[in-house]
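Engineer: Just so it is clear, I am handing over final26.txt, which has compact mmCIF, C-alpha atoms.
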# COMPACT_ATOMS: atom_id res chain seq x y z
CA MET A 1 -58.27 -54.63 -85.96
CA GLY A 2 -57.39 -51.04 -86.72
CA ILE A 3 -60.99 -49.90 -86.95
CA LEU A 4 -61.69 -51.35 -83.50
CA ARG A 5 -58.69 -49.48 -82.04
CA LEU A 6 -59.87 -46.18 -83.49
CA LEU A 7 -63.45 -46.75 -82.33
CA LEU A 8 -62.18 -47.46 -78.82
CA ALA A 9 -60.22 -44.22 -78.84
CA LEU A 10 -63.33 -42.36 -80.00
CA CYS A 11 -65.33 -43.97 -77.17
CA VAL A 12 -62.87 -42.41 -74.73
CA VAL A 13 -63.31 -39.06 -76.48
CA VAL A 14 -67.10 -39.33 -76.17
CA ALA A 15 -66.77 -40.28 -72.49
CA HIS A 16 -64.73 -37.15 -71.81
CA ALA A 17 -66.82 -34.84 -73.95
CA GLY A 18 -70.11 -36.00 -72.48
CA ASP A 19 -72.68 -37.95 -74.43
CA VAL A 20 -72.99 -37.22 -78.13
CA PHE A 21 -76.66 -37.06 -79.11
CA LYS A 22 -77.28 -38.91 -75.81
CA LEU A 23 -75.07 -41.81 -76.98
CA THR A 24 -72.37 -43.06 -74.61
CA PHE A 25 -71.53 -46.38 -76.30
CA ILE A 26 -69.31 -48.57 -74.05
CA GLY A 27 -67.82 -45.73 -72.03
CA GLY A 28 -64.22 -44.80 -71.46
CA ALA A 29 -63.36 -47.41 -68.82
CA ASN A 30 -64.49 -50.33 -70.97
CA ALA A 31 -62.63 -48.93 -73.98
CA VAL A 32 -59.39 -48.61 -72.02
CA GLU A 33 -59.62 -52.18 -70.73
CA VAL A 34 -60.23 -53.57 -74.22
CA PHE A 35 -57.13 -51.61 -75.29
CA PHE A 36 -55.22 -53.56 -72.64
CA ILE A 37 -56.39 -56.84 -74.19
CA ILE A 38 -55.33 -55.68 -77.65
CA SER A 39 -51.97 -54.54 -76.29
CA GLY A 40 -51.34 -57.97 -74.80
CA PHE A 41 -52.24 -59.58 -78.14
CA TYR A 42 -49.80 -57.43 -80.11
CA MET A 43 -46.98 -57.75 -77.56
CA GLN A 44 -47.20 -61.54 -77.69
CA MET A 45 -47.14 -61.38 -81.48
CA ILE A 46 -44.10 -59.12 -81.88
CA LEU A 47 -42.18 -60.78 -79.04
CA THR A 48 -42.71 -64.10 -80.80
CA GLN A 49 -42.03 -62.98 -84.36
CA LYS A 50 -39.65 -60.02 -84.15
CA TYR A 51 -37.86 -59.59 -80.84
CA VAL A 52 -35.92 -62.81 -80.39
CA GLY A 53 -32.28 -63.56 -79.68
CA THR A 54 -29.51 -61.53 -78.09
CA GLY A 55 -30.39 -57.91 -77.37
CA ALA A 56 -34.08 -58.45 -78.10
CA TYR A 57 -35.26 -57.09 -74.75
CA GLY A 58 -33.44 -53.78 -75.11
CA LEU A 59 -34.54 -53.36 -78.72
CA PHE A 60 -38.12 -54.15 -77.76
CA LEU A 61 -38.19 -51.52 -75.02
CA THR A 62 -36.45 -48.94 -77.19
CA ASN A 63 -38.95 -49.35 -80.00
CA ARG A 64 -41.91 -49.31 -77.60
CA PHE A 65 -40.71 -46.10 -75.99
CA LEU A 66 -40.12 -44.51 -79.39
CA ARG A 67 -43.72 -45.23 -80.34
CA ILE A 68 -45.06 -43.57 -77.20
CA PHE A 69 -42.78 -40.77 -76.05
CA PRO A 70 -42.23 -38.52 -79.11
CA ALA A 71 -45.97 -37.95 -79.55
CA TYR A 72 -46.48 -37.69 -75.79
CA TRP A 73 -43.73 -35.10 -75.36
CA ALA A 74 -45.00 -33.11 -78.35
CA VAL A 75 -48.51 -32.93 -76.85
CA LEU A 76 -47.04 -32.22 -73.41
CA LEU A 77 -45.08 -29.26 -74.77
CA LEU A 78 -48.11 -28.03 -76.69
CA SER A 79 -50.23 -28.32 -73.55
CA ILE A 80 -47.73 -26.39 -71.43
CA ILE A 81 -47.58 -23.61 -74.01
CA ALA A 82 -51.34 -23.48 -74.52
CA PHE A 83 -52.17 -23.60 -70.81
CA SER A 84 -49.56 -20.98 -69.94
CA ILE A 85 -51.01 -18.60 -72.54
CA LEU A 86 -54.52 -19.27 -71.22
CA HIS A 87 -53.40 -18.68 -67.65
CA TYR A 88 -51.93 -15.27 -68.37
CA THR A 89 -54.77 -14.21 -70.66
CA THR A 90 -57.83 -15.69 -68.97
CA GLY A 91 -56.64 -16.99 -65.61
CA LYS A 92 -57.86 -20.46 -66.58
CA GLY A 93 -54.77 -22.41 -67.54
CA PHE A 94 -55.86 -25.82 -66.23
CA ALA A 95 -52.77 -27.79 -65.07
CA PHE A 96 -50.51 -24.76 -65.52
CA THR A 97 -52.74 -22.74 -63.21
CA THR A 98 -52.86 -25.63 -60.74
CA TRP A 99 -49.06 -25.70 -60.55
CA LEU A 100 -48.82 -21.96 -59.97
CA GLU A 101 -51.67 -21.64 -57.48
CA GLN A 102 -51.57 -24.93 -55.56
CA ARG A 103 -47.96 -26.10 -55.61
CA ASP A 104 -47.30 -24.57 -52.18
CA VAL A 105 -49.57 -27.20 -50.58
CA LEU A 106 -47.06 -29.86 -51.72
CA ALA A 107 -43.63 -30.50 -50.26
CA LEU A 108 -40.70 -30.16 -52.63
CA PRO A 109 -40.18 -33.97 -52.99
CA THR A 110 -43.86 -34.33 -53.95
CA GLN A 111 -43.54 -31.55 -56.51
CA TRP A 112 -40.49 -33.24 -58.03
CA ALA A 113 -42.29 -36.59 -58.12
CA LEU A 114 -45.26 -35.11 -59.98
CA ALA A 115 -43.01 -33.17 -62.36
CA LEU A 116 -41.02 -36.29 -63.21
CA SER A 117 -44.23 -38.23 -63.68
CA ASN A 118 -45.44 -35.58 -66.13
CA LEU A 119 -42.19 -35.97 -68.03
CA THR A 120 -41.72 -39.74 -67.94
CA LEU A 121 -45.32 -41.01 -67.69
CA PHE A 122 -44.33 -43.46 -64.97
CA GLY A 123 -46.39 -43.05 -61.82
CA GLN A 124 -49.35 -41.21 -63.30
CA ASP A 125 -51.54 -44.18 -62.45
CA ALA A 126 -50.05 -44.44 -58.96
CA ALA A 127 -50.85 -40.79 -58.26
CA LEU A 128 -54.52 -41.74 -58.15
CA PHE A 129 -53.80 -43.87 -55.08
CA PHE A 130 -52.13 -41.04 -53.19
CA THR A 131 -52.96 -37.71 -51.65
CA ALA A 132 -50.84 -35.28 -49.65
CA THR A 133 -50.54 -34.78 -45.92
CA LYS A 134 -50.74 -31.37 -44.24
CA GLU A 135 -46.99 -31.25 -44.68
CA GLY A 136 -47.39 -31.85 -48.41
CA LEU A 137 -45.89 -35.34 -48.40
CA LEU A 138 -47.38 -38.28 -50.27
CA THR A 139 -49.68 -40.61 -48.40
CA TYR A 140 -51.95 -43.47 -49.50
CA THR A 141 -55.67 -42.98 -50.10
CA ALA A 142 -58.21 -45.59 -51.11
CA ASN A 143 -60.48 -43.00 -52.71
CA PHE A 144 -58.77 -40.08 -54.43
CA VAL A 145 -62.11 -38.42 -55.23
CA GLU A 146 -62.77 -37.81 -51.55
CA SER A 147 -59.20 -36.75 -50.73
CA PRO A 148 -58.81 -33.12 -49.63
CA ILE A 149 -55.66 -32.68 -51.72
CA LYS A 150 -55.92 -34.19 -55.19
CA LEU A 151 -52.88 -34.87 -57.33
CA TYR A 152 -54.36 -35.51 -60.78
CA PRO A 153 -54.98 -31.80 -61.56
CA PHE A 154 -51.18 -31.45 -61.70
CA PHE A 155 -50.98 -33.61 -64.85
CA PHE A 156 -50.99 -31.84 -68.20
CA ILE A 157 -52.21 -34.91 -70.11
CA PRO A 158 -54.49 -36.56 -67.53
CA GLN A 159 -55.58 -39.48 -69.69
CA ALA A 160 -51.93 -40.59 -69.94
CA TRP A 161 -52.30 -42.62 -66.72
CA SER A 162 -53.25 -45.58 -68.95
CA LEU A 163 -49.93 -45.22 -70.81
CA SER A 164 -48.19 -45.62 -67.47
CA LEU A 165 -49.88 -49.02 -67.13
CA GLU A 166 -48.83 -49.87 -70.69
CA LEU A 167 -45.20 -49.05 -69.90
CA LEU A 168 -45.28 -51.24 -66.79
CA PHE A 169 -46.59 -54.09 -68.90
CA TYR A 170 -43.89 -53.56 -71.55
CA LEU A 171 -41.20 -53.94 -68.91
CA ILE A 172 -42.37 -57.44 -67.99
CA ALA A 173 -44.10 -58.59 -71.22
CA PRO A 174 -41.00 -60.41 -72.59
CA TRP A 175 -40.99 -62.66 -69.53
CA PHE A 176 -44.69 -63.50 -69.90
CA ALA A 177 -44.31 -64.11 -73.64
CA LYS A 178 -41.99 -67.06 -72.92
CA ARG A 179 -44.13 -68.68 -70.26
CA HIS A 180 -46.37 -71.68 -70.76
CA SER A 181 -50.03 -70.87 -71.35
CA GLY A 182 -50.94 -72.71 -68.16
CA ILE A 183 -48.87 -70.23 -66.15
CA LEU A 184 -50.65 -67.31 -67.82
CA VAL A 185 -54.03 -68.86 -67.01
CA ALA A 186 -52.98 -69.26 -63.38
CA LEU A 187 -51.81 -65.64 -63.19
CA ILE A 188 -55.07 -64.46 -64.75
CA ALA A 189 -56.98 -66.38 -62.11
CA VAL A 190 -54.87 -64.84 -59.33
CA SER A 191 -55.36 -61.34 -60.73
CA LEU A 192 -59.12 -61.75 -61.11
CA GLY A 193 -59.38 -63.42 -57.70
CA ALA A 194 -57.52 -60.56 -56.05
CA ARG A 195 -59.84 -58.10 -57.77
CA ALA A 196 -62.90 -59.99 -56.49
CA LEU A 197 -61.56 -59.99 -52.94
CA ALA A 198 -60.80 -56.28 -53.13
CA TYR A 199 -64.31 -55.58 -54.37
CA GLN A 200 -65.77 -57.53 -51.46
CA ALA A 201 -63.61 -55.46 -49.12
CA GLY A 202 -65.21 -52.29 -50.45
CA LEU A 203 -62.62 -51.35 -53.06
CA ASP A 204 -65.14 -51.56 -55.88
CA HIS A 205 -64.84 -47.98 -57.06
CA ASP A 206 -62.50 -45.79 -59.06
CA PRO A 207 -59.47 -46.11 -59.16
CA TRP A 208 -59.53 -49.81 -58.27
CA THR A 209 -61.93 -50.79 -61.03
CA TYR A 210 -59.62 -50.11 -63.97
CA ARG A 211 -56.44 -48.31 -62.92
CA PHE A 212 -54.73 -50.75 -60.52
CA PHE A 213 -52.03 -52.59 -62.46
CA PRO A 214 -52.16 -55.95 -60.62
CA PHE A 215 -55.88 -56.16 -61.43
CA GLU A 216 -55.47 -55.00 -65.04
CA LEU A 217 -52.64 -57.47 -65.63
CA ALA A 218 -55.25 -60.16 -66.22
CA LEU A 219 -56.49 -58.31 -69.31
CA PHE A 220 -53.01 -57.95 -70.78
CA LEU A 221 -52.43 -61.67 -70.24
CA VAL A 222 -55.80 -62.54 -71.79
CA GLY A 223 -54.62 -60.69 -74.88
CA MET A 224 -51.38 -62.68 -74.93
CA LEU A 225 -53.36 -65.91 -74.76
CA GLY A 226 -55.55 -64.54 -77.55
CA TYR A 227 -52.56 -64.40 -79.90
CA ARG A 228 -51.69 -67.99 -79.06
CA VAL A 229 -55.27 -68.97 -79.92
CA TYR A 230 -54.94 -67.06 -83.20
CA VAL A 231 -51.78 -69.03 -84.10
CA ARG A 232 -53.73 -72.26 -83.68
CA LEU A 233 -56.66 -71.01 -85.74
CA LYS A 234 -55.04 -69.02 -88.54
CA ASN A 235 -54.75 -71.93 -90.98
CA ARG A 236 -58.04 -73.55 -90.07
CA THR A 237 -61.38 -73.06 -91.79
CA LEU A 238 -63.92 -71.58 -89.43
CA PRO A 239 -67.68 -71.23 -89.87
CA PRO A 240 -68.58 -67.71 -91.09
CA TRP A 241 -70.71 -67.12 -87.99
CA VAL A 242 -67.58 -67.61 -85.89
CA GLU A 243 -65.00 -65.79 -88.01
CA ARG A 244 -67.22 -62.86 -88.93
CA GLY A 245 -70.23 -63.11 -86.66
CA ILE A 246 -68.48 -62.88 -83.28
CA PRO A 247 -66.41 -59.75 -84.14
CA LEU A 248 -69.47 -58.13 -85.69
CA GLY A 249 -71.39 -59.04 -82.56
CA LEU A 250 -68.79 -57.15 -80.54
CA GLY A 251 -69.51 -54.07 -82.62
CA VAL A 252 -73.27 -54.40 -82.27
CA VAL A 253 -73.02 -54.87 -78.51
CA GLY A 254 -70.69 -51.88 -78.31
CA PHE A 255 -73.08 -49.55 -80.09
CA ALA A 256 -76.10 -50.81 -78.14
CA TYR A 257 -74.26 -51.16 -74.82
CA GLN A 258 -76.06 -48.36 -72.97
CA TYR A 259 -79.46 -49.83 -73.85
CA LEU A 260 -78.72 -53.40 -72.80
CA PRO A 261 -80.43 -54.72 -69.65
CA GLY A 262 -78.54 -55.64 -66.53
CA SER A 263 -76.22 -53.93 -64.09
CA GLU A 264 -73.15 -52.06 -65.25
CA GLY A 265 -70.88 -54.66 -63.66
CA PHE A 266 -72.65 -57.51 -65.44
CA LYS A 267 -72.56 -55.77 -68.81
CA HIS A 268 -68.92 -54.82 -68.30
CA TRP A 269 -67.71 -58.37 -67.84
CA ILE A 270 -69.91 -59.71 -70.63
CA TYR A 271 -68.37 -57.14 -72.97
CA ILE A 272 -64.82 -57.86 -71.78
CA GLY A 273 -65.42 -61.58 -72.32
CA LEU A 274 -66.80 -60.99 -75.81
CA ALA A 275 -63.85 -58.74 -76.64
CA SER A 276 -61.40 -61.39 -75.43
CA VAL A 277 -62.90 -63.93 -77.83
CA SER A 278 -63.26 -61.44 -80.68
CA VAL A 279 -59.72 -60.02 -80.78
CA PRO A 280 -57.97 -63.09 -82.30
CA LEU A 281 -60.85 -63.59 -84.74
CA LEU A 282 -60.85 -59.94 -85.76
CA PHE A 283 -57.10 -59.98 -86.33
CA ARG A 284 -57.46 -63.12 -88.45
CA TRP A 285 -60.13 -61.34 -90.49
CA THR A 286 -58.24 -58.07 -91.03
CA ARG A 287 -54.56 -59.08 -90.95
CA HIS A 288 -54.07 -58.55 -94.70
CA MET A 289 -55.96 -55.21 -94.84
CA SER A 290 -53.31 -52.48 -95.06
CA TRP A 291 -55.96 -49.75 -94.91
CA ASP A 292 -57.21 -51.17 -91.63
CA ARG A 293 -53.73 -50.95 -90.12
CA LYS A 294 -53.41 -47.34 -91.25
CA ILE A 295 -56.73 -46.50 -89.61
CA GLY A 296 -55.53 -48.15 -86.43
CA GLU A 297 -52.44 -45.91 -86.35
CA LEU A 298 -54.77 -42.94 -85.78
CA SER A 299 -55.93 -44.30 -82.42
CA TYR A 300 -52.90 -43.16 -80.42
CA PRO A 301 -52.79 -39.59 -81.79
CA VAL A 302 -56.54 -39.26 -81.15
CA TYR A 303 -56.15 -40.59 -77.63
CA ILE A 304 -53.15 -38.50 -76.63
CA ILE A 305 -54.37 -35.13 -77.94
CA HIS A 306 -58.12 -35.28 -77.43
CA MET A 307 -58.14 -33.92 -73.87
CA LEU A 308 -56.22 -30.82 -74.90
CA ALA A 309 -58.69 -30.24 -77.72
CA LEU A 310 -61.71 -30.80 -75.45
CA LEU A 311 -60.38 -28.46 -72.78
CA LEU A 312 -59.82 -25.72 -75.31
CA VAL A 313 -63.30 -26.21 -76.72
CA ALA A 314 -64.74 -26.19 -73.21
CA LEU A 315 -62.96 -22.92 -72.52
CA MET A 316 -64.40 -21.38 -75.66
CA PHE A 317 -68.00 -22.54 -75.24
CA GLU A 318 -68.43 -23.11 -71.51
CA GLY A 319 -66.46 -20.24 -70.04
CA GLY A 320 -63.64 -22.45 -68.87
CA GLU A 321 -65.79 -25.03 -67.09
CA ARG A 322 -64.94 -28.59 -67.97
CA PRO A 323 -67.78 -30.66 -69.42
CA LYS A 324 -69.69 -32.60 -66.78
CA ALA A 325 -68.29 -35.91 -68.00
CA LEU A 326 -64.78 -34.70 -67.18
CA SER A 327 -65.54 -34.47 -63.47
CA PRO A 328 -64.72 -37.32 -61.08
CA ARG A 329 -67.73 -39.30 -60.03
CA GLY A 330 -68.99 -38.16 -56.67
CA SER A 331 -67.12 -34.85 -56.74
CA SER A 332 -68.47 -31.38 -57.28
CA GLN A 333 -65.06 -30.13 -58.43
CA ARG A 334 -64.54 -30.11 -62.16
CA TYR A 335 -61.32 -32.05 -62.60
CA LEU A 336 -60.40 -34.75 -65.02
CA LEU A 337 -61.52 -38.30 -64.51
CA TRP A 338 -59.71 -40.21 -67.19
Starting from the coordinates I provided, produce the structure as C-alpha cells.

Structural biologist:
Amino acid sequence: MGILRLLLALCVVVAHAGDVFKLTFIGGANAVEVFFIISGFYMQMILTQKYVGTGAYGLFLTNRFLRIFPAYWAVLLLSIIAFSILHYTTGKGFAFTTWLEQRDVLALPTQWALALSNLTLFGQDAALFFTATKEGLLTYTANFVESPIKLYPFFFIPQAWSLSLELLFYLIAPWFAKRHSGILVALIAVSLGARALAYQAGLDHDPWTYRFFPFELALFLVGMLGYRVYVRLKNRTLPPWVERGIPLGLGVVGFAYQYLPGSEGFKHWIYIGLASVSVPLLFRWTRHMSWDRKIGELSYPVYIIHMLALLLVALMFEGGERPKALSPRGSSQRYLLW
C-alpha cells in the first residue's frame, strides 16, 4: 500500500501546484480523505497487534507523536528561516510577512492561539471555521473564504491542518479499536447522516466538505472496519479479479478521474467507496513487499515539505504570486487552500 500512499501525496502536490500537463488526477481533497481511510486501517492494525496491555495507550500516543512532530518541527523551523529571509530581502515572506504586517488586527489571545497552533498542530483545522471580530477576537464563520479577516495565512505549513485531524483521531482511536464492528457501523451512519443534513442546510462547501472532524470520522472508521475485513480474508483464496482487479481499478479510476462523466460529488463518493473496498485488498497484496513499505515512508516527507518548495518555486518564477491552484475557491486573494 506504500505506492498508493505516495501517489496520494503527489496528488496533493499536483493540486497545489496547478495541473501538470493539464492533468489533475483525483485532486487534493479526495487524496486527503483516502489518507484518512488508510490511517484508520493502520491504527486498527497496530492497536490490535502491538499496543495492548498496561501502558499501551501512552506508548501508542508517544510513538504517533514521534512519527509526526520531528519532521513537522524541522519543516516549520526551515519555513520560518526561509520566509524571514525572503521578507527582509524581497518583502514577500508569506506567513512571516503576514505575522509582521497583519498581527495588529488580532487581539493578543488570538495571536497566542495561532502561535500555539503553529507549534502544536492542534487547532489548525478549527482555524478554518473562525475569523476575527473588529476587536481581533475569535468568532465562528461558516465560510472562511468570504470572511474579512482570514486566519489561515498565519500558518507556516498550511497543509498541516489535515495532521490536526489525524492527531484528534489518534487520541480516540484506541477506544474505537476495542468496539464491536456494529458500533462502528452505527457511528459511520451517524457521521454520514450529519454530513448529509449539513449539506442540505447549505454547508456543502469548503471547509465542511473535508475538514470538519465529525464528518471525516466516518472515513477513519471505514478504514478500521477495512482492517477487520482484511483479517477475515487474509487466509482465504480470492479470485484474481477481486484480489488484484479491484485495487488496480482504483488506480485506473484515479488516473482517469477528471475525464469520468458525472458531477464532482457523484464521482467523489464513487471513488471513496472504491477506495474503502480496495484498501484491505491492496494491503493483502503488498503486505510482504518491503520495497513497497519503503516507498510509502516517502509520503509524509513529500506531504509536509511540498508547500514550502512550491512557494519558493512560485517566488522564483511567478514574482512571488502563488500558483492559481493555491488560492481559495471563490477568492481573488492568493492564499493557501490546502

Engineer: Could you check which of A:Pro214, A:Leu138, A:Lys150, A:Ala74 is closest to A:Leu119, using only C-alpha atoms?

Structural biologist: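 Distance minimum relative to A:Leu119 lands on A:Ala74.
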
Engineer: For atom CA of A:Leu221 and atom CA of A:Leu7, quote the distance in Å rounded to one decimal.

Structural biologist: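 These two atoms are separated by 22.1 Å.
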
Engineer: Within 9 Å of stretch 282-300 of chain A, which residues of stretch 135-243 of chain A come that close, and what is the closest atom pair and distance in Å for each? Count all atoms listed in the file and give it as a tab-separated table.

Structural biologist:
residue	atom	partner	partner_atom	distance
A:Tyr230	CA	A:Arg284	CA	7.0
A:Leu233	CA	A:Arg284	CA	8.4
A:Lys234	CA	A:Arg284	CA	6.4
A:Glu243	CA	A:Trp285	CA	7.0

Engineer: Please provide the set of residues having any atom within 9 Å of stretch 99-110 of chain A, restricted to only C-alpha atoms, with same-chain residues fewer than 4 positions apart removed, written as a PyMOL selection string.

Structural biologist: chain A and resi 94-95+114-115+132-138+149+153-154

Engineer: Identify the residues within 12 Å of coordinate (-51.8, -48.0, -69.1) (same frame as the file), considering only C-alpha atoms, and give the answer as JSON, numbers by chain.

Structural biologist: {"A": [29, 31, 32, 33, 34, 35, 36, 37, 39, 40, 68, 121, 122, 123, 124, 125, 126, 158, 159, 160, 161, 162, 163, 164, 165, 166, 167, 168, 169, 170, 210, 211, 212, 213, 214, 215, 216, 217, 219, 220, 338]}

Engineer: Could you tell me which of A:Thr139, A:Arg195, A:Ser84, A:Pro280 comes closest to A:Val229 if we count all atoms listed in the file?

Structural biologist: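 Using all atoms listed in the file, the shortest distance to A:Val229 belongs to A:Pro280.
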
Engineer: Go through A:Thr131, A:Gln49, A:Thr237, A:Ser79 one by one, measure the shortest atom-to-atom distance of each to A:Ala177 using all atoms listed in the file, and give the residue with the smallest value.

Structural biologist: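 Closest candidate: A:Gln49.
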
Engineer: When distances are computed from all atoms listed in the file, which of A:Leu78, A:Ala256, A:Val277, A:Ile270 shows the smallest separation from A:Thr24?

Structural biologist: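 Answer, going by the shortest atom-to-atom distance: A:Ala256.
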
Engineer: Identify, on the basis of all atoms listed in the file, every residue whose closest approach to A:Tyr51 does not exceed 12 Å; exclude the query and any residue fewer than 2 positions from it along the same chain; express the result as a list in words.

Structural biologist: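 The residues that qualify are Met43, Gln44, Met45, Ile46, Leu47, Thr48, Gln49, Gly53, Thr54, Gly55, Ala56, Tyr57, Gly58, Leu59, Phe60, Leu61, Thr62, Asn63, Arg64, Ala173, Pro174, Ala177 and Lys178 of chain A.
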
Engineer: Measure the distance from atom CA of A:Ser276 to atom CA of A:Phe41 in Å and round it to one decimal.

Structural biologist: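 Spanning atom CA of A:Ser276 to atom CA of A:Phe41 is a straight-line distance of 9.7 Å.
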
Engineer: Considering all atoms listed in the file, state which residue in the set A:Ile26, A:Val185, A:Val145, A:Ala71 is at the smallest distance from A:Phe129.

Structural biologist: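 Among A:Ile26, A:Val185, A:Val145, A:Ala71, it is A:Val145 that comes nearest to A:Phe129.
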
Engineer: Find the spatial neighbours of A:Val75, counting only C-alpha atoms, within a cut-off of 9 Å - ignore same-chain residues fewer than 5 positions away - and output them as a ChimeraX atom specification.

Structural biologist: /A:70,80,157,304-305,308

Engineer: What gap, in Å, lies between atom CA of A:Ala309 and atom CA of A:Arg67?

Structural biologist: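 Separating atom CA of A:Ala309 from atom CA of A:Arg67 is a distance of 21.3 Å.
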
Engineer: Find the residues near stretch 245-248 of chain A: any atom within 10 Å, counting only C-alpha atoms, skip ones fewer than 2 places away on the same chain, and give them as a VMD selection string.

Structural biologist: chain A and resid 1 4 239 to 243 250 to 254 274 to 275 277 to 283 285

Engineer: How big is the axis-aligned box, and where does its centre sit, when it encloses all atoms of stretch 85-89 of chain A listed in the file and has 4 Å added on every side, reported in Å to one decimal as JSON?

Structural biologist:
{"center_x": -52.9, "center_y": -16.7, "center_z": -70.1, "size_x": 11.8, "size_y": 13.1, "size_z": 12.9}
